[in-house]
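Novice: One file: model10.txt (compact mmCIF, C-alpha atoms).
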# COMPACT_ATOMS: atom_id res chain seq x y z
CA MET A 132 3.73 14.18 -3.69
CA THR A 133 6.40 13.09 -6.15
CA THR A 134 8.18 9.84 -5.26
CA LEU A 135 11.88 9.07 -5.61
CA ALA A 136 10.98 6.54 -8.31
CA GLU A 137 9.32 9.30 -10.32
CA ILE A 138 12.28 11.64 -9.80
CA ILE A 139 14.75 9.11 -11.24
CA GLN A 140 12.46 7.48 -13.83
CA ASP A 141 14.36 8.79 -16.89
CA LEU A 142 17.70 7.71 -15.44
CA HIS A 143 16.29 4.30 -14.57
CA ARG A 144 15.37 3.76 -18.23
CA GLU A 145 18.85 4.88 -19.28
CA ALA A 146 20.44 2.41 -16.86
CA GLU A 147 18.24 -0.44 -18.11
CA ASP A 148 19.45 0.28 -21.65
CA GLN A 149 23.10 -0.23 -20.71
CA PRO A 150 24.52 -3.39 -22.34
CA PHE A 151 25.96 -4.66 -19.04
CA ALA A 152 22.58 -4.25 -17.29
CA THR A 153 20.95 -6.20 -20.13
CA ARG A 154 23.53 -8.96 -19.69
CA LEU A 155 22.71 -9.17 -15.97
CA VAL A 156 18.96 -9.55 -16.43
CA THR A 157 19.13 -11.88 -19.43
CA GLY A 158 21.59 -14.33 -17.89
CA THR A 159 24.31 -13.75 -20.47
CA VAL A 160 26.82 -12.33 -17.99
CA THR A 161 29.86 -14.59 -17.51
CA THR A 162 31.13 -15.67 -14.12
CA ALA A 163 34.19 -13.41 -14.56
CA GLU A 164 31.99 -10.43 -15.42
CA TYR A 165 29.66 -11.05 -12.49
CA LEU A 166 32.57 -11.55 -10.12
CA ASN A 167 34.01 -8.22 -11.27
CA TYR A 168 30.60 -6.59 -10.75
CA LEU A 169 30.41 -7.93 -7.19
CA TYR A 170 33.97 -6.73 -6.52
CA GLN A 171 33.03 -3.20 -7.61
CA LEU A 172 29.93 -3.27 -5.39
CA LEU A 173 32.01 -4.16 -2.32
CA LEU A 174 33.71 -0.77 -2.47
CA ILE A 175 30.44 1.06 -3.08
CA TYR A 176 28.21 -0.62 -0.50
CA ASP A 177 30.71 -0.25 2.32
CA PRO A 178 30.53 3.57 2.80
CA ILE A 179 26.82 3.66 1.95
CA GLU A 180 25.91 1.08 4.57
CA PHE A 181 28.38 2.35 7.16
CA GLY A 182 27.10 5.91 6.77
CA CYS A 183 23.48 4.82 7.03
CA GLN A 184 24.30 2.61 10.02
CA VAL A 185 25.92 5.58 11.77
CA GLN A 186 22.64 7.46 11.20
CA GLY A 187 20.68 4.59 12.79
CA PHE A 188 19.07 3.67 9.50
CA PHE A 189 19.33 -0.10 9.99
CA THR A 190 17.88 -0.13 13.51
CA ASP A 191 14.34 -0.73 12.25
CA LEU A 192 15.42 -2.34 8.96
CA PRO A 193 18.22 -4.81 9.78
CA GLY A 194 17.29 -7.04 6.83
CA LEU A 195 18.28 -4.24 4.48
CA TYR A 196 21.99 -4.61 5.31
CA ARG A 197 23.63 -6.28 2.26
CA LEU A 198 27.40 -6.18 2.72
CA PRO A 199 27.82 -9.60 4.42
CA ARG A 200 25.77 -11.29 1.68
CA LEU A 201 27.70 -9.43 -0.97
CA TYR A 202 30.95 -10.78 0.48
CA GLN A 203 29.46 -14.29 0.64
CA ASP A 204 28.51 -14.20 -3.04
CA TYR A 205 31.91 -12.84 -4.02
CA LEU A 206 33.79 -15.49 -2.03
CA GLU A 207 31.54 -18.24 -3.42
CA LEU A 208 32.68 -17.43 -6.97
CA ALA A 209 36.24 -16.23 -6.42
CA GLY A 210 39.04 -18.74 -6.57
CA PRO A 211 41.55 -19.10 -3.74
CA GLY A 212 43.57 -15.92 -3.41
CA GLN A 213 41.68 -14.27 -6.26
CA VAL A 214 41.50 -10.52 -5.90
CA GLY A 215 39.86 -8.20 -8.37
CA CYS A 216 40.81 -4.76 -9.55
CA TRP A 217 38.67 -1.74 -8.90
CA LEU A 218 37.75 0.26 -11.94
CA PRO A 219 38.63 3.99 -11.98
CA GLU A 220 34.91 4.81 -12.03
CA THR A 221 34.38 2.71 -8.90
CA LEU A 222 37.24 4.47 -7.15
CA ALA A 223 35.82 7.88 -8.11
CA TYR A 224 32.37 6.91 -6.83
CA HIS A 225 33.89 5.55 -3.63
CA GLN A 226 35.73 8.84 -3.12
CA TYR A 227 32.48 10.76 -3.59
CA LEU A 228 30.72 8.52 -1.06
CA LEU A 229 33.56 9.04 1.44
CA GLU A 230 33.19 12.81 1.02
CA LEU A 231 29.51 12.50 1.94
CA LEU A 232 30.33 10.17 4.83
CA ASN A 233 32.92 12.56 6.24
CA ASP A 234 30.66 15.62 6.07
CA PRO A 235 28.05 15.59 8.85
CA ALA A 236 25.99 18.21 7.00
CA ARG A 237 25.75 15.99 3.88
CA ARG A 238 25.96 12.50 5.40
CA HIS A 239 22.17 12.07 5.19
CA ARG A 240 22.54 12.09 1.39
CA LEU A 241 23.97 8.57 1.61
CA GLN A 242 20.35 7.52 2.13
CA ALA A 243 19.68 8.42 -1.53
CA HIS A 244 22.51 6.10 -2.60
CA LEU A 245 21.13 3.39 -0.32
CA TYR A 246 17.74 3.85 -1.97
CA ILE A 247 19.16 3.55 -5.50
CA ARG A 248 21.22 0.46 -4.71
CA HIS A 249 18.95 -1.37 -2.27
CA ALA A 250 15.57 -0.62 -3.85
CA GLY A 251 17.11 -1.83 -7.10
CA ASP A 252 18.29 -5.01 -5.37
CA MET A 253 14.77 -5.56 -4.07
CA SER A 254 13.19 -4.94 -7.49
CA GLY A 255 15.23 -5.77 -10.60
CA GLY A 256 17.70 -7.61 -8.41
CA GLN A 257 15.11 -10.34 -7.95
CA THR A 258 15.32 -11.05 -11.69
CA ILE A 259 19.11 -10.77 -11.67
CA ALA A 260 19.34 -13.31 -8.82
CA ARG A 261 17.78 -15.99 -11.03
CA GLN A 262 20.14 -15.22 -13.95
CA VAL A 263 23.62 -14.85 -12.47
CA PRO A 264 26.23 -17.43 -11.53
CA GLY A 265 26.28 -18.58 -7.92
CA SER A 266 23.64 -18.61 -5.23
CA GLY A 267 22.63 -14.94 -5.38
CA ARG A 268 22.31 -14.61 -1.59
CA PHE A 269 22.99 -10.90 -2.05
CA TYR A 270 19.51 -10.52 -3.54
CA ALA A 271 17.69 -12.60 -0.89
CA PHE A 272 15.57 -10.47 1.45
CA GLU A 273 13.36 -11.69 4.26
CA ASP A 274 9.86 -10.21 4.13
CA LEU A 275 10.64 -8.20 1.01
CA PRO A 276 7.33 -6.24 0.84
CA ALA A 277 7.64 -5.02 4.44
CA LEU A 278 11.28 -4.17 4.01
CA LYS A 279 10.64 -2.23 0.81
CA SER A 280 7.75 -0.25 2.31
CA GLY A 281 9.83 0.41 5.45
CA LEU A 282 12.66 1.78 3.33
CA LEU A 283 10.40 4.05 1.29
CA ALA A 284 8.67 5.34 4.41
CA ARG A 285 12.00 6.54 5.83
CA LEU A 286 13.03 8.56 2.78
CA ASP A 287 11.96 12.12 1.97
CA PRO A 288 11.85 12.66 -1.80
CA ARG A 289 11.96 16.45 -1.42
CA GLU A 290 15.17 16.21 0.59
CA LEU A 291 16.84 13.38 -1.31
CA GLY A 292 15.57 13.76 -4.90
CA ALA A 293 18.57 15.63 -6.30
CA GLU A 294 21.02 13.26 -4.62
CA ALA A 295 19.05 10.24 -5.86
CA ARG A 296 19.61 11.53 -9.39
CA THR A 297 23.32 11.91 -8.63
CA ALA A 298 23.41 8.35 -7.27
CA PHE A 299 21.73 7.02 -10.39
CA ARG A 300 24.21 8.87 -12.61
CA TRP A 301 27.01 7.15 -10.68
CA ASN A 302 25.22 3.84 -11.25
CA ILE A 303 25.04 4.49 -15.01
CA THR A 304 28.72 5.44 -15.06
CA LEU A 305 29.55 2.16 -13.34
CA LEU A 306 27.39 0.15 -15.76
CA GLU A 307 29.14 1.82 -18.70
CA ALA A 308 32.54 1.01 -17.20
CA LEU A 309 31.55 -2.60 -16.56
CA GLY A 310 30.40 -2.85 -20.16
CA ARG A 311 33.77 -1.59 -21.39
CA TRP A 312 35.58 -3.98 -19.02
CA SER A 313 33.55 -6.89 -20.36
CA VAL A 314 34.55 -6.05 -23.93
CA THR A 315 38.25 -5.57 -23.17
CA SER A 316 38.55 -8.62 -20.91
CA ALA A 317 36.96 -10.99 -23.43
Now that the file is in, can you turn its structure into structure tokens?
Specialist:
Amino acid sequence: MTTLAEIIQDLHREAEDQPFATRLVTGTVTTAEYLNYLYQLLLIYDPIEFGCQVQGFFTDLPGLYRLPRLYQDYLELAGPGQVGCWLPETLAYHQYLLELLNDPARRHRLQAHLYIRHAGDMSGGQTIARQVPGSGRFYAFEDLPALKSGLLARLDPRELGAEARTAFRWNITLLEALGRWSVTSA
């Protein structure tokens, strides 16, 4: 059987080649750039995790839930009263996620977005955690191997493969936008 990782393999390579992704894993991302990245993720993780929670996805995998840690990392680096600005690409992705969330027939597709984001946090995110400003609590998972295998066991590649590719395309779009933001904000 084909795995989700195999289905998105070409897109994964494309994402890794994005300049902003390279900056994350090599430790050359600035605090302002990383703070902006976290701010964008707040808007993306919220409907993904809420939709998966509504489906009972976190019942057996409570350690997968990232939003509180994401907020903690953002607040650790943000100055008093500092508020970011969502990029148009983030807003478009958020709108897409809300459309899935609000459609009971398609809500299960949020699991593909959870896979792309959270499996990435459990894999490459472990390298990113050592390279970025701040404590990186967002990337800290208890019993990572069990959590990762539990996540993969709950996902059906035949049912979610096409949506996983869509989720990864959104991820690439966001990485491209973050790269442009980094250049224009410098």
Novice: Would you list the contacts of Ala209 of chain A as number ranges by chain, taking every protein, DNA or RNA residue within 12 Å and counting all atoms listed in the file, but skipping same-chain residues closer than 2 positions in sequence?
Specialist: A: 162-170, 202-207, 211-215, 264-265
Novice: Name all residues at most 12 Å from Leu282 of chain A (count all atoms listed in the file; drop same-chain ones fewer than 2 positions away) and give them as a VMD selection string.
Specialist: chain A and resid 135 183 188 to 196 242 to 243 245 to 251 253 275 to 280 284 to 287
Novice: Atoms to include: C-alpha atoms. Write the selected residues as a PDB file, keeping the file's coordinate frame.
Specialist:
ATOM      1  CA  LEU A 135      11.880   9.070  -5.610  1.00  0.00           C
ATOM      2  CA  CYS A 183      23.480   4.820   7.030  1.00  0.00           C
ATOM      3  CA  PHE A 188      19.070   3.670   9.500  1.00  0.00           C
ATOM      4  CA  PHE A 189      19.330  -0.100   9.990  1.00  0.00           C
ATOM      5  CA  THR A 190      17.880  -0.130  13.510  1.00  0.00           C
ATOM      6  CA  ASP A 191      14.340  -0.730  12.250  1.00  0.00           C
ATOM      7  CA  LEU A 192      15.420  -2.340   8.960  1.00  0.00           C
ATOM      8  CA  PRO A 193      18.220  -4.810   9.780  1.00  0.00           C
ATOM      9  CA  GLY A 194      17.290  -7.040   6.830  1.00  0.00           C
ATOM     10  CA  LEU A 195      18.280  -4.240   4.480  1.00  0.00           C
ATOM     11  CA  TYR A 196      21.990  -4.610   5.310  1.00  0.00           C
ATOM     12  CA  GLN A 242      20.350   7.520   2.130  1.00  0.00           C
ATOM     13  CA  ALA A 243      19.680   8.420  -1.530  1.00  0.00           C
ATOM     14  CA  LEU A 245      21.130   3.390  -0.320  1.00  0.00           C
ATOM     15  CA  TYR A 246      17.740   3.850  -1.970  1.00  0.00           C
ATOM     16  CA  ILE A 247      19.160   3.550  -5.500  1.00  0.00           C
ATOM     17  CA  ARG A 248      21.220   0.460  -4.710  1.00  0.00           C
ATOM     18  CA  HIS A 249      18.950  -1.370  -2.270  1.00  0.00           C
ATOM     19  CA  ALA A 250      15.570  -0.620  -3.850  1.00  0.00           C
ATOM     20  CA  GLY A 251      17.110  -1.830  -7.100  1.00  0.00           C
ATOM     21  CA  MET A 253      14.770  -5.560  -4.070  1.00  0.00           C
ATOM     22  CA  LEU A 275      10.640  -8.200   1.010  1.00  0.00           C
ATOM     23  CA  PRO A 276       7.330  -6.240   0.840  1.00  0.00           C
ATOM     24  CA  ALA A 277       7.640  -5.020   4.440  1.00  0.00           C
ATOM     25  CA  LEU A 278      11.280  -4.170   4.010  1.00  0.00           C
ATOM     26  CA  LYS A 279      10.640  -2.230   0.810  1.00  0.00           C
ATOM     27  CA  SER A 280       7.750  -0.250   2.310  1.00  0.00           C
ATOM     28  CA  ALA A 284       8.670   5.340   4.410  1.00  0.00           C
ATOM     29  CA  ARG A 285      12.000   6.540   5.830  1.00  0.00           C
ATOM     30  CA  LEU A 286      13.030   8.560   2.780  1.00  0.00           C
ATOM     31  CA  ASP A 287      11.960  12.120   1.970  1.00  0.00           C
TER      32      ASP A 287
END
Novice: How many Å lie between atom CA of Asp274 of chain A and atom CA of Arg300 of chain A, rounded to one decimal?
Specialist: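 Here the two named atoms are 29.2 Å from each other.
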Novice: Give, as lines of an AutoDock Vina configuration file, the centre coordinates and the x, y and z edge lengths in Å to one decimal for an axis-aligned box around all listed atoms of segment 173-182 of chain A, padded by 5 Å on each side.
Specialist:
center_x = 29.8
center_y = 0.9
center_z = 2.0
size_x = 17.8
size_y = 20.1
size_z = 20.2
Novice: Can you tell me how far atom CA of Leu174 of chain A sits from atom CA of Cys216 of chain A, in Å to one decimal?
Specialist: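 If I compute the distance from atom CA of Leu174 of chain A to atom CA of Cys216 of chain A, I get 10.8 Å.
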Novice: Please report the interatomic distance between atom CA of Ser266 of chain A and atom CA of Leu172 of chain A in Å with one decimal.
Specialist: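 Atom-to-atom, atom CA of Ser266 of chain A to atom CA of Leu172 of chain A, that is 16.6 Å.
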Novice: My list of candidates is A:Gly158, A:Gly187, A:Leu241, A:Val263. Which is closest to Leu208 of chain A when distances are computed with only C-alpha atoms?
Specialist: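 Closest candidate: A:Val263.
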Novice: Kindly indicate which residue among A:Arg200, A:Trp217, A:Phe272, A:Thr134 lies nearest to Glu290 of chain A, using only C-alpha atoms for the distances.
Specialist: A:Thr134
Novice: With 12 Å as the threshold, what does the neighbourhood of (14.9, -8.0, -11.0) contain in terms of residues, counting all atoms listed in the file? Coordinates are those of the file; answer as JSON, numbers by chain.
Specialist: {"A": [147, 152, 153, 155, 156, 157, 158, 249, 250, 251, 252, 253, 254, 255, 256, 257, 258, 259, 260, 261, 262, 263, 267, 270, 271]}
Novice: Which is closer to Ile138 of chain A than all the others in A:Gln226, A:Ser313, A:Thr159, A:Thr297, using only C-alpha atoms?
Specialist: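 Under the stated criterion, the closest residue is A:Thr297.
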Novice: Calculated over only C-alpha atoms, which of the candidates A:His239, A:Leu218, A:Tyr227, A:Ile139 has the smallest distance to Gln186 of chain A?
Specialist: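 The shortest atom-to-atom distance to Gln186 of chain A comes from A:His239.
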Novice: Find the residues around segment 229-235 of chain A up to 10 Å (all atoms listed in the file counted), leave out those fewer than 4 positions away in its own chain, and share them as a list in words.
Specialist: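 Using all atoms listed in the file, the neighbours found are Ile175, Asp177, Pro178, Ile179, Phe181, Gly182, Cys183, Val185, Ala223, Tyr224, His225, His239, Arg240 and Leu241 of chain A.
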Novice: With distances taken over only C-alpha atoms, which of A:His244, A:Ala136, A:Ala236, A:Gly210 is nearest to Glu294 of chain A?
Specialist: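 Smallest distance to Glu294 of chain A is found for A:His244.
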Novice: Would you mind putting back N, CA and C atoms on segment 201-228 of chain A, then writing it out as a short mmCIF file (atom, residue, chain, number, x, y, z; two decimals), in the frame of the given file?
Specialist:
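Result went into out.cif, see below:
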data_model
loop_
_atom_site.label_atom_id
_atom_site.label_comp_id
_atom_site.auth_asym_id
_atom_site.auth_seq_id
_atom_site.Cartn_x
_atom_site.Cartn_y
_atom_site.Cartn_z
N LEU A 201 26.89 -9.78 0.19
CA LEU A 201 27.70 -9.43 -0.97
C LEU A 201 29.06 -10.12 -0.90
N TYR A 202 29.68 -10.07 0.28
CA TYR A 202 30.95 -10.78 0.48
C TYR A 202 30.78 -12.28 0.28
N GLN A 203 29.71 -12.85 0.79
CA GLN A 203 29.46 -14.29 0.64
C GLN A 203 29.38 -14.67 -0.83
N ASP A 204 28.64 -13.89 -1.61
CA ASP A 204 28.51 -14.20 -3.04
C ASP A 204 29.84 -14.05 -3.76
N TYR A 205 30.60 -13.03 -3.39
CA TYR A 205 31.91 -12.84 -4.02
C TYR A 205 32.82 -14.03 -3.71
N LEU A 206 32.89 -14.40 -2.44
CA LEU A 206 33.79 -15.49 -2.03
C LEU A 206 33.35 -16.84 -2.61
N GLU A 207 32.05 -17.01 -2.82
CA GLU A 207 31.54 -18.24 -3.42
C GLU A 207 32.10 -18.43 -4.83
N LEU A 208 32.25 -17.34 -5.58
CA LEU A 208 32.68 -17.43 -6.97
C LEU A 208 34.17 -17.21 -7.18
N ALA A 209 34.81 -16.53 -6.26
CA ALA A 209 36.24 -16.23 -6.42
C ALA A 209 37.08 -17.46 -6.10
N GLY A 210 38.11 -17.65 -6.86
CA GLY A 210 39.04 -18.74 -6.57
C GLY A 210 39.92 -18.38 -5.40
N PRO A 211 40.66 -19.36 -4.87
CA PRO A 211 41.55 -19.10 -3.74
C PRO A 211 42.56 -18.00 -4.09
N GLY A 212 42.62 -17.01 -3.22
CA GLY A 212 43.57 -15.92 -3.41
C GLY A 212 43.22 -14.95 -4.53
N GLN A 213 42.07 -15.14 -5.15
CA GLN A 213 41.68 -14.27 -6.26
C GLN A 213 41.24 -12.91 -5.74
N VAL A 214 41.84 -11.88 -6.26
CA VAL A 214 41.50 -10.52 -5.90
C VAL A 214 41.25 -9.75 -7.18
N GLY A 215 40.20 -8.97 -7.19
CA GLY A 215 39.86 -8.20 -8.37
C GLY A 215 40.63 -6.89 -8.44
N CYS A 216 40.21 -6.08 -9.36
CA CYS A 216 40.81 -4.76 -9.55
C CYS A 216 39.68 -3.75 -9.67
N TRP A 217 39.72 -2.73 -8.83
CA TRP A 217 38.67 -1.74 -8.90
C TRP A 217 38.85 -0.86 -10.12
N LEU A 218 37.76 -0.60 -10.77
CA LEU A 218 37.75 0.26 -11.94
C LEU A 218 37.90 1.72 -11.51
N PRO A 219 38.49 2.56 -12.35
CA PRO A 219 38.63 3.99 -11.98
C PRO A 219 37.29 4.64 -11.63
N GLU A 220 36.23 4.26 -12.32
CA GLU A 220 34.91 4.81 -12.03
C GLU A 220 34.42 4.40 -10.64
N THR A 221 34.74 3.18 -10.24
CA THR A 221 34.38 2.71 -8.90
C THR A 221 35.14 3.50 -7.85
N LEU A 222 36.43 3.71 -8.09
CA LEU A 222 37.24 4.47 -7.15
C LEU A 222 36.74 5.91 -7.03
N ALA A 223 36.34 6.52 -8.15
CA ALA A 223 35.82 7.88 -8.11
C ALA A 223 34.51 7.94 -7.33
N TYR A 224 33.64 6.96 -7.56
CA TYR A 224 32.37 6.91 -6.83
C TYR A 224 32.63 6.69 -5.34
N HIS A 225 33.53 5.81 -5.02
CA HIS A 225 33.89 5.55 -3.63
C HIS A 225 34.38 6.83 -2.96
N GLN A 226 35.22 7.57 -3.66
CA GLN A 226 35.73 8.84 -3.12
C GLN A 226 34.58 9.81 -2.85
N TYR A 227 33.64 9.89 -3.78
CA TYR A 227 32.48 10.76 -3.59
C TYR A 227 31.68 10.33 -2.35
N LEU A 228 31.47 9.03 -2.21
CA LEU A 228 30.72 8.52 -1.06
C LEU A 228 31.45 8.83 0.25
#
